[in-house]
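Text of protein.cif (mmCIF, C-alpha atoms and all ligand atoms) as supplied:
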```
data_model
#
loop_
_atom_site.label_atom_id
_atom_site.label_comp_id
_atom_site.auth_asym_id
_atom_site.auth_seq_id
_atom_site.Cartn_x
_atom_site.Cartn_y
_atom_site.Cartn_z
CA ALA A 8 -1.62 -4.60 9.44
CA LEU A 9 0.81 -1.81 8.48
CA ALA A 10 1.56 -3.43 5.15
CA VAL A 11 -2.14 -3.38 4.43
CA LEU A 12 -2.35 0.29 5.43
CA THR A 13 0.11 1.19 2.70
CA GLY A 14 -2.34 0.19 -0.01
CA ARG A 15 -4.75 -2.55 -1.01
CA ALA A 16 -4.66 -4.13 -4.43
CA GLN A 17 -7.62 -2.80 -6.37
CA ASP A 18 -8.22 -6.19 -7.96
CA SER A 19 -9.17 -7.60 -4.54
CA LEU A 20 -12.17 -5.27 -4.46
CA PRO A 21 -15.06 -5.23 -3.84
CA ARG A 22 -14.50 -6.84 -0.47
CA THR A 23 -16.92 -7.30 2.40
CA PHE A 24 -16.00 -7.02 6.07
CA GLU A 25 -17.56 -6.59 9.51
CA ALA A 26 -17.01 -3.30 11.32
CA LYS A 27 -15.89 -3.78 14.92
CA GLY A 28 -16.78 -0.34 16.23
CA ASN A 29 -15.21 3.07 15.68
CA PRO A 30 -13.21 3.72 13.55
CA ILE A 31 -15.22 1.58 11.16
CA PHE A 32 -12.66 1.26 8.34
CA THR A 33 -9.41 -0.16 9.67
CA ASP A 34 -7.47 -1.32 6.57
CA LYS A 35 -6.61 2.13 5.40
CA PHE A 36 -7.16 5.70 6.43
CA SER A 37 -10.34 7.53 5.48
CA ALA A 38 -11.28 11.21 5.87
CA ASP A 39 -14.09 13.74 5.32
CA PRO A 40 -16.95 11.24 5.18
CA ALA A 41 -20.04 12.21 3.19
CA ALA A 42 -22.92 9.79 3.72
CA LEU A 43 -25.61 9.15 1.11
CA VAL A 44 -28.72 7.05 1.75
CA HIS A 45 -30.04 5.44 -1.42
CA GLU A 46 -32.35 2.46 -1.97
CA GLY A 47 -31.86 0.92 1.48
CA LYS A 48 -28.10 1.37 1.65
CA MET A 49 -25.83 3.90 3.27
CA TYR A 50 -22.87 4.87 1.12
CA ILE A 51 -19.89 6.66 2.61
CA TYR A 52 -17.75 8.71 0.24
CA CYS A 53 -14.45 9.82 1.69
CA GLY A 54 -10.88 10.74 0.88
CA GLU A 55 -7.96 8.44 1.64
CA ASP A 56 -5.15 9.85 3.78
CA ASN A 57 -2.14 8.25 2.20
CA GLY A 58 0.89 10.28 3.22
CA ASP A 59 3.63 10.36 5.84
CA GLY A 60 1.36 11.85 8.50
CA LYS A 61 2.86 15.36 8.18
CA TRP A 62 0.45 16.87 5.64
CA TYR A 63 -2.54 15.87 3.50
CA ASN A 64 -1.65 13.44 0.72
CA MET A 65 -4.88 12.26 -0.83
CA PRO A 66 -4.81 10.95 -4.42
CA ASN A 67 -8.10 9.01 -4.31
CA TRP A 68 -11.62 9.20 -3.10
CA GLN A 69 -13.22 5.97 -1.93
CA VAL A 70 -16.71 4.54 -1.40
CA TYR A 71 -18.06 2.03 1.08
CA SER A 72 -21.63 0.75 1.38
CA THR A 73 -23.73 -1.04 3.99
CA GLU A 74 -27.28 -2.18 4.61
CA ASP A 75 -26.99 -2.52 8.39
CA LEU A 76 -23.94 -0.49 9.58
CA LYS A 77 -22.22 -3.77 10.52
CA THR A 78 -21.39 -5.49 7.26
CA TRP A 79 -19.62 -3.14 4.86
CA THR A 80 -18.46 -3.41 1.28
CA GLU A 81 -15.40 -1.51 0.09
CA HIS A 82 -15.76 -0.82 -3.63
CA PRO A 83 -12.99 -0.26 -6.19
CA VAL A 84 -11.71 3.33 -6.23
CA PRO A 85 -14.55 5.22 -7.93
CA LEU A 86 -12.78 8.54 -8.50
CA LYS A 87 -9.18 9.75 -8.51
CA VAL A 88 -8.13 13.34 -8.30
CA ASN A 89 -6.26 12.96 -11.61
CA THR A 90 -9.63 12.24 -13.27
CA PHE A 91 -9.96 16.03 -13.12
CA GLU A 92 -7.29 17.15 -15.56
CA TRP A 93 -7.43 20.69 -14.17
CA THR A 94 -6.21 19.64 -10.68
CA LYS A 95 -2.91 18.97 -9.01
CA HIS A 96 -3.04 15.27 -8.43
CA ASN A 97 -2.62 14.76 -4.69
CA SER A 98 -5.46 16.68 -3.10
CA SER A 99 -8.78 14.82 -3.02
CA TRP A 100 -10.21 17.01 -0.29
CA ALA A 101 -13.73 16.91 1.09
CA SER A 102 -16.67 16.02 -1.11
CA GLN A 103 -20.32 14.97 -1.27
CA VAL A 104 -22.38 12.79 -3.63
CA ILE A 105 -26.05 13.48 -4.35
CA GLU A 106 -28.50 11.67 -6.62
CA ARG A 107 -30.74 13.40 -9.15
CA ASP A 108 -32.89 11.65 -11.78
CA GLY A 109 -30.85 8.46 -11.60
CA LYS A 110 -27.47 10.17 -11.92
CA PHE A 111 -24.98 10.58 -9.09
CA TYR A 112 -23.13 13.90 -8.86
CA TRP A 113 -19.93 14.02 -6.84
CA TYR A 114 -18.86 17.52 -5.76
CA ILE A 115 -15.21 17.61 -4.77
CA SER A 116 -12.53 20.03 -3.60
CA ALA A 117 -9.02 19.91 -5.02
CA GLU A 118 -6.01 22.10 -5.75
CA HIS A 119 -6.24 23.86 -9.11
CA ALA A 120 -3.26 23.11 -11.35
CA ASN A 121 -3.08 26.75 -12.49
CA GLY A 122 -1.78 27.81 -9.08
CA THR A 123 -4.81 29.88 -8.04
CA GLY A 124 -5.60 27.68 -5.05
CA LYS A 125 -8.38 25.34 -4.11
CA ALA A 126 -11.36 24.84 -6.40
CA ILE A 127 -14.56 22.81 -6.57
CA GLY A 128 -15.42 20.38 -9.36
CA VAL A 129 -18.15 17.86 -10.09
CA ALA A 130 -18.04 14.31 -11.42
CA VAL A 131 -20.98 12.20 -12.59
CA SER A 132 -21.88 8.51 -12.81
CA ASP A 133 -24.93 6.33 -13.48
CA SER A 134 -24.05 4.28 -10.39
CA PRO A 135 -23.44 5.28 -6.76
CA THR A 136 -20.22 3.25 -6.85
CA GLY A 137 -18.94 4.76 -10.08
CA PRO A 138 -16.80 4.92 -12.04
CA PHE A 139 -17.21 8.69 -12.10
CA VAL A 140 -16.07 11.06 -14.86
CA ASP A 141 -15.45 14.80 -14.75
CA ALA A 142 -18.87 16.31 -15.57
CA ARG A 143 -17.51 19.66 -16.82
CA GLY A 144 -13.86 19.40 -17.80
CA SER A 145 -13.23 22.50 -15.70
CA ALA A 146 -13.75 23.67 -12.13
CA LEU A 147 -17.24 24.79 -11.09
CA ILE A 148 -15.94 27.21 -8.44
CA THR A 149 -12.52 28.86 -8.68
CA ASN A 150 -10.78 31.17 -6.26
CA ASP A 151 -11.26 34.29 -8.40
CA MET A 152 -15.06 33.91 -8.06
CA THR A 153 -14.96 34.62 -4.30
CA THR A 154 -12.14 37.16 -3.88
CA GLU A 155 -14.62 39.92 -3.01
CA TYR A 156 -15.34 38.05 0.25
CA THR A 157 -11.91 36.67 1.13
CA ASP A 158 -8.61 36.64 -0.69
CA ILE A 159 -7.24 33.44 0.86
CA SER A 160 -6.56 30.75 -1.74
CA TRP A 161 -8.11 27.85 0.19
CA ASP A 162 -11.63 29.19 0.83
CA ASP A 163 -13.25 27.28 -2.04
CA ILE A 164 -13.39 23.80 -0.50
CA ASP A 165 -15.78 21.40 1.20
CA PRO A 166 -18.86 21.40 -1.05
CA THR A 167 -22.22 20.20 0.26
CA VAL A 168 -25.32 20.01 -1.91
CA TRP A 169 -29.00 20.20 -1.10
CA ILE A 170 -32.02 19.75 -3.39
CA GLU A 171 -35.28 21.42 -2.36
CA GLU A 172 -38.65 19.66 -2.87
CA SER A 173 -39.22 22.22 -5.65
CA GLY A 174 -36.19 20.76 -7.45
CA GLN A 175 -33.98 23.82 -6.86
CA ALA A 176 -30.49 22.66 -5.94
CA TYR A 177 -28.08 24.59 -3.72
CA LEU A 178 -24.32 24.30 -3.29
CA PHE A 179 -22.77 25.41 0.00
CA TRP A 180 -19.02 25.44 0.60
CA GLY A 181 -16.18 27.39 2.16
CA ASN A 182 -13.25 27.83 4.50
CA THR A 183 -13.15 30.90 6.79
CA GLN A 184 -16.12 32.28 4.83
CA CYS A 185 -19.15 30.09 4.06
CA TYR A 186 -20.87 30.58 0.68
CA TYR A 187 -23.89 29.29 -1.18
CA ALA A 188 -25.13 29.43 -4.76
CA LYS A 189 -28.04 27.90 -6.66
CA LEU A 190 -27.32 25.18 -9.21
CA LYS A 191 -29.08 24.69 -12.53
CA ASP A 192 -31.13 21.49 -13.01
CA ASN A 193 -28.14 19.98 -14.86
CA MET A 194 -26.27 20.15 -11.50
CA THR A 195 -23.09 21.24 -13.25
CA GLU A 196 -23.56 25.01 -13.61
CA LEU A 197 -24.28 27.82 -11.18
CA ASP A 198 -27.67 29.46 -11.42
CA GLY A 199 -27.08 32.98 -10.12
CA GLU A 200 -24.83 34.83 -7.73
CA ILE A 201 -22.53 33.49 -5.04
CA MET A 202 -23.87 34.58 -1.64
CA PRO A 203 -22.04 34.75 1.72
CA VAL A 204 -23.51 32.86 4.70
CA GLU A 205 -22.99 34.57 8.05
CA LEU A 206 -22.03 32.02 10.74
CA PRO A 207 -19.99 32.63 13.91
CA ASP A 208 -16.43 31.27 13.89
CA PHE A 209 -16.90 29.29 10.67
CA THR A 210 -13.81 27.27 9.77
CA GLU A 211 -14.97 24.81 7.07
CA ALA A 212 -16.95 21.63 6.37
CA PRO A 213 -20.55 22.86 5.98
CA TRP A 214 -23.25 20.16 5.76
CA ILE A 215 -26.97 20.73 5.21
CA HIS A 216 -29.70 18.42 6.45
CA LYS A 217 -33.41 18.91 7.13
CA LYS A 218 -35.88 17.46 9.64
CA GLY A 219 -39.49 18.56 9.47
CA ASP A 220 -39.56 22.31 8.80
CA TRP A 221 -36.03 22.93 10.08
CA TYR A 222 -32.87 23.20 8.05
CA TYR A 223 -29.61 22.47 9.89
CA LEU A 224 -26.24 23.82 8.79
CA SER A 225 -23.49 22.06 10.71
CA TYR A 226 -19.85 23.10 10.27
CA ALA A 227 -16.34 22.87 11.66
CA THR A 228 -15.55 25.73 14.07
CA GLY A 229 -12.31 26.99 15.66
CA TRP A 230 -8.90 25.31 15.46
CA PRO A 231 -8.45 22.54 16.33
CA GLU A 232 -11.99 22.01 15.16
CA LYS A 233 -15.20 21.24 16.97
CA THR A 234 -18.50 20.91 15.10
CA ALA A 235 -21.06 23.69 15.56
CA TYR A 236 -24.50 24.09 14.02
CA ALA A 237 -27.15 26.64 13.13
CA MET A 238 -30.85 26.28 12.26
CA SER A 239 -33.17 28.08 9.88
CA LYS A 240 -36.67 27.77 8.44
CA SER A 241 -35.25 28.63 5.00
CA ILE A 242 -32.38 27.16 3.02
CA GLU A 243 -31.33 30.74 2.23
CA GLY A 244 -31.19 31.67 5.95
CA PRO A 245 -30.86 33.67 8.08
CA TRP A 246 -29.24 30.99 10.24
CA GLU A 247 -29.54 31.03 14.02
CA TYR A 248 -26.39 29.76 15.76
CA LYS A 249 -27.25 26.93 18.18
CA GLY A 250 -23.89 25.96 19.68
CA ILE A 251 -21.44 23.09 19.69
CA LEU A 252 -22.61 19.75 18.34
CA ASN A 253 -19.42 17.72 18.63
CA GLU A 254 -16.26 18.14 20.70
CA LEU A 255 -12.71 17.87 19.38
CA ALA A 256 -12.53 14.51 17.64
CA GLY A 257 -9.68 12.66 19.34
CA ASN A 258 -6.10 13.05 18.14
CA CYS A 259 -7.03 15.07 15.04
CA ASN A 260 -7.22 18.82 14.38
CA THR A 261 -10.03 18.61 11.82
CA ASN A 262 -13.59 17.51 12.51
CA HIS A 263 -15.58 16.85 9.36
CA GLN A 264 -19.16 15.59 9.63
CA SER A 265 -22.11 14.45 7.59
CA ILE A 266 -25.58 13.86 8.98
CA VAL A 267 -28.16 11.46 7.49
CA LYS A 268 -31.27 9.52 8.47
CA PHE A 269 -30.92 5.79 7.80
CA LYS A 270 -33.57 3.17 8.59
CA GLY A 271 -35.38 5.44 11.06
CA LYS A 272 -32.34 6.72 13.00
CA TRP A 273 -30.15 9.78 12.56
CA TYR A 274 -26.39 9.37 12.31
CA PHE A 275 -23.39 11.66 12.75
CA VAL A 276 -20.61 10.45 10.47
CA TYR A 277 -17.20 12.03 11.09
CA HIS A 278 -13.50 11.28 11.32
CA ASN A 279 -10.89 11.16 14.06
CA GLY A 280 -7.27 10.07 14.42
CA GLY A 281 -8.25 6.92 16.29
CA LEU A 282 -6.62 4.21 14.21
CA PHE A 283 -3.15 2.84 15.06
CA LYS A 284 -0.59 5.46 13.87
CA GLY A 285 -3.48 7.83 13.17
CA GLY A 286 -3.52 11.61 13.59
CA SER A 287 -4.43 14.87 11.89
CA TYR A 288 -3.25 13.69 8.46
CA LEU A 289 -4.02 9.98 8.93
CA ARG A 290 -7.71 10.03 9.78
CA SER A 291 -10.44 7.43 10.09
CA VAL A 292 -14.21 7.46 9.67
CA CYS A 293 -16.50 6.93 12.66
CA ILE A 294 -20.30 6.82 13.08
CA ASP A 295 -22.37 7.67 16.13
CA GLU A 296 -26.08 8.26 16.65
CA LEU A 297 -27.52 11.77 16.61
CA TYR A 298 -30.46 12.75 18.81
CA TYR A 299 -32.86 15.71 18.83
CA ASN A 300 -34.29 17.68 21.73
CA LYS A 301 -38.04 18.28 21.94
CA ASP A 302 -37.58 21.75 20.43
CA GLN A 303 -35.75 20.13 17.47
CA SER A 304 -32.33 21.44 18.50
CA LEU A 305 -29.58 18.80 18.46
CA LYS A 306 -28.15 16.96 21.44
CA ARG A 307 -24.37 16.94 21.64
CA VAL A 308 -22.87 13.92 19.94
CA GLN A 309 -21.52 11.24 22.26
CA MET A 310 -18.47 9.87 20.45
CA THR A 311 -17.98 6.17 21.09
CA THR A 312 -15.68 3.37 20.08
CA GLU A 313 -18.63 1.04 19.52
O1 LIG A 401 -9.16 16.56 4.08
C1 LIG A 401 -8.69 17.83 3.73
C2 LIG A 401 -9.43 18.91 4.45
O2 LIG A 401 -9.34 18.72 5.86
C3 LIG A 401 -10.94 18.97 4.23
O3 LIG A 401 -11.32 19.50 2.99
C4 LIG A 401 -11.36 19.75 5.41
O4 LIG A 401 -12.73 19.73 5.68
C5 LIG A 401 -10.54 19.09 6.50
O5 LIG A 401 -11.17 17.95 7.01
#
```
Produce structure tokens that represent the structure in this file.
Amino acid sequence: ALAVLTGRAQDSLPRTFEAKGNPIFTDKFSADPAALVHEGKMYIYCGEDNGDGKWYNMPNWQVYSTEDLKTWTEHPVPLKVNTFEWTKHNSSWASQVIERDGKFYWYISAEHANGTGKAIGVAVSDSPTGPFVDARGSALITNDMTTEYTDISWDDIDPTVWIEESGQAYLFWGNTQCYYAKLKDNMTELDGEIMPVELPDFTEAPWIHKKGDWYYLSYATGWPEKTAYAMSKSIEGPWEYKGILNELAGNCNTNHQSIVKFKGKWYFVYHNGGLFKGGSYLRSVCIDELYYNKDQSLKRVQMTTE
């Protein structure tokens, strides 16, 4: 098994396998899962932890798909961090893919090669499984764009994207400080100012989802991280803090979630250090069900190994 964990030949992909519970991907490590539901399938986009377990070493993003959450397909690597010429090539940090008008836009965080810190870019493809190309040739968000709010160099990470029924798209992101900005219809340019989002004890990993009239902004809080969430009737806030959604995810100091509805049920997709030899820098994707209270607040996630 360990030999397999060190890398799978790309020419053996796509490959289909049965998940045997959490973690669901056991051949290699997988982190920062962003789920996308499209045409009857759930896709999971994630990074690959591929280092010595002492720090993040993540040269690739990966994509898996399923129709039933049991049988999964691992697709060939759809996007590498060196596809973005403006990055340092080992930091495929958290990301999200969203579909608009038949194109798939993949918002990513990576280390800028010019030494200014983390930055956000966007890749595009005609297919949810890629291959993806850099949609801009430059970063969409760079550290100098947010220095009025925080001068740390790693605050511009963890993009999440939301498209309103009106067609207006929003990008949220951040570490220590959460931000949002509108996107133009081309999905590759900002449409207006960067705005701060006020959330208690925000660490990173924002994710937006909506049920009925309520918007939910879930995020990693504290260190090591739990997942907290806030609710609002408007995508632009104000956001009302609602408490902890998920406890520390075993054996791992980060806790990075996505939340989607798939075939009538809601799912909390996250990572932990649960695989053999796993830990904070060798993480693995898990999925558990998410339930709502009558008042539309969220029940705490029950993490399982099933
Ligand atoms: O995977 C690298 C970073 O760790 C992500 O960008 C954060 O959300 C945390 O999970």
To check your reading of the model: which residues sit at most 6 Å from ligand LIG 401 (chain A) when counting all atoms listed in the file? Write the answer as a PyMOL selection string.
chain A and resi 39+100-101+164-165+211-212+261+263
Could you tell me how far atom CA of A:Trp214 lies from atom CA of A:Glu243, in Å and to one decimal?
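Between atom CA of A:Trp214 and atom CA of A:Glu243 the gap works out to 13.8 Å.
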Atom-to-atom span, atom CA of A:Ile294 and atom CA of A:His96, Å:
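If I compute the distance from atom CA of A:Ile294 to atom CA of A:His96, I get 28.8 Å.
Here atom CA of A:Asn300 and atom CA of A:Thr228 stand 21.8 Å from one another.
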Of the candidates A:Lys48, A:Asp198, A:Val292, A:Phe36, which one gets nearest to A:Gly60 if we count all atoms listed in the file?
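Closest candidate: A:Phe36.
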Between A:Asp141, A:Glu92, A:Glu200, A:Asp75, which has the minimum distance to A:Ala26 (counting all atoms listed in the file)?
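Among A:Asp141, A:Glu92, A:Glu200, A:Asp75, it is A:Asp75 that comes nearest to A:Ala26.
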Shortest contact to A:Ser145, candidates A:His119, A:Lys284, A:Lys77, A:Lys268, atoms counted all atoms listed in the file, goes to A:His119
Close residues, stretch 220-226 of chain A itself excluded, 8 Å, only C-alpha atoms, min 2 positions apart in chain, as number ranges by chain
A: 209-218, 228, 234-242, 246, 263-264, 303
For those residues, write C-alpha atoms to a file as a PDB file, in the frame of the given file.
```pdb
ATOM      1  CA  PHE A 209     -16.900  29.290  10.670  1.00  0.00           C
ATOM      2  CA  THR A 210     -13.810  27.270   9.770  1.00  0.00           C
ATOM      3  CA  GLU A 211     -14.970  24.810   7.070  1.00  0.00           C
ATOM      4  CA  ALA A 212     -16.950  21.630   6.370  1.00  0.00           C
ATOM      5  CA  PRO A 213     -20.550  22.860   5.980  1.00  0.00           C
ATOM      6  CA  TRP A 214     -23.250  20.160   5.760  1.00  0.00           C
ATOM      7  CA  ILE A 215     -26.970  20.730   5.210  1.00  0.00           C
ATOM      8  CA  HIS A 216     -29.700  18.420   6.450  1.00  0.00           C
ATOM      9  CA  LYS A 217     -33.410  18.910   7.130  1.00  0.00           C
ATOM     10  CA  LYS A 218     -35.880  17.460   9.640  1.00  0.00           C
ATOM     11  CA  THR A 228     -15.550  25.730  14.070  1.00  0.00           C
ATOM     12  CA  THR A 234     -18.500  20.910  15.100  1.00  0.00           C
ATOM     13  CA  ALA A 235     -21.060  23.690  15.560  1.00  0.00           C
ATOM     14  CA  TYR A 236     -24.500  24.090  14.020  1.00  0.00           C
ATOM     15  CA  ALA A 237     -27.150  26.640  13.130  1.00  0.00           C
ATOM     16  CA  MET A 238     -30.850  26.280  12.260  1.00  0.00           C
ATOM     17  CA  SER A 239     -33.170  28.080   9.880  1.00  0.00           C
ATOM     18  CA  LYS A 240     -36.670  27.770   8.440  1.00  0.00           C
ATOM     19  CA  SER A 241     -35.250  28.630   5.000  1.00  0.00           C
ATOM     20  CA  ILE A 242     -32.380  27.160   3.020  1.00  0.00           C
ATOM     21  CA  TRP A 246     -29.240  30.990  10.240  1.00  0.00           C
ATOM     22  CA  HIS A 263     -15.580  16.850   9.360  1.00  0.00           C
ATOM     23  CA  GLN A 264     -19.160  15.590   9.630  1.00  0.00           C
ATOM     24  CA  GLN A 303     -35.750  20.130  17.470  1.00  0.00           C
TER      25      GLN A 303
END
```
List the neighbours of A:Ala117 out to 6 Å using all atoms listed in the file; skip same-chain residues closer than 5 positions along the sequence, and give me the result as a VMD selection string.
chain A and resid 98 to 100 125 to 126
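In this comparison, which uses all atoms listed in the file, the residue of A:Thr195, A:Thr311, A:Gln103, A:Ser291 approaching A:Ser37 most closely is A:Ser291.
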Write out as a list in words which residues come within 9 Å of A:Tyr186 when counting only C-alpha atoms, dropping same-chain ones fewer than 4 positions away.
Thr153, Asp163, Leu178, Phe179, Trp180, Gly181, Asn182, Ile201, Met202, Pro203, Val204 and Glu205 of chain A
A:Asn279: which residues within 6 Å, counting only C-alpha atoms, same-chain residues fewer than 6 positions away excluded, as a PyMOL selection string?
chain A and resi 256-257+259+290-291
Residues just named, written with C-alpha atoms as a compact mmCIF listing (two decimals), in the frame of the given file:
```txt
# COMPACT_ATOMS: atom_id res chain seq x y z
CA ALA A 256 -12.53 14.51 17.64
CA GLY A 257 -9.68 12.66 19.34
CA CYS A 259 -7.03 15.07 15.04
CA ARG A 290 -7.71 10.03 9.78
CA SER A 291 -10.44 7.43 10.09
```
Nearest to A:Glu196, chosen from A:Pro245, A:Ile127, A:Thr167, A:Glu155, with all atoms listed in the file counted in the distances
A:Ile127
Check the smallest atom-to-atom distance from each of A:Thr94, A:Thr183, A:Asn193, A:Ser265 to A:Thr149 using only C-alpha atoms, then report the winner.
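Looking at the shortest contact to A:Thr149, the residue is A:Thr94.
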Using all atoms listed in the file - which residues lie no farther than 12 Å from the point (-9.0, 7.2, -2.0) in the file's frame? Write them as a count of residues only.
42
Can you report as AutoDock Vina command-line options the centre and edge lengths in Å, to one decimal, of an axis-aligned box around the listed atoms of stretch 95-105 of chain A padded with 3 Å on each side?
```
--center_x -14.3 --center_y 15.9 --center_z -4.0 --size_x 29.4 --size_y 12.2 --size_z 16.1
```
Just give me the residues with any atom within 7 Å of (-17.0, -7.0, 9.3), file coordinates, counting all atoms listed in the file, written as JSON, numbers by chain.
{"A": [23, 24, 25, 26, 27, 77, 78, 79]}
For the selection just defined, write its residues with C-alpha atoms to a file, as a PDB file, in the coordinates of the input.
```
ATOM      1  CA  THR A  23     -16.920  -7.300   2.400  1.00  0.00           C
ATOM      2  CA  PHE A  24     -16.000  -7.020   6.070  1.00  0.00           C
ATOM      3  CA  GLU A  25     -17.560  -6.590   9.510  1.00  0.00           C
ATOM      4  CA  ALA A  26     -17.010  -3.300  11.320  1.00  0.00           C
ATOM      5  CA  LYS A  27     -15.890  -3.780  14.920  1.00  0.00           C
ATOM      6  CA  LYS A  77     -22.220  -3.770  10.520  1.00  0.00           C
ATOM      7  CA  THR A  78     -21.390  -5.490   7.260  1.00  0.00           C
ATOM      8  CA  TRP A  79     -19.620  -3.140   4.860  1.00  0.00           C
TER       9      TRP A  79
END
```
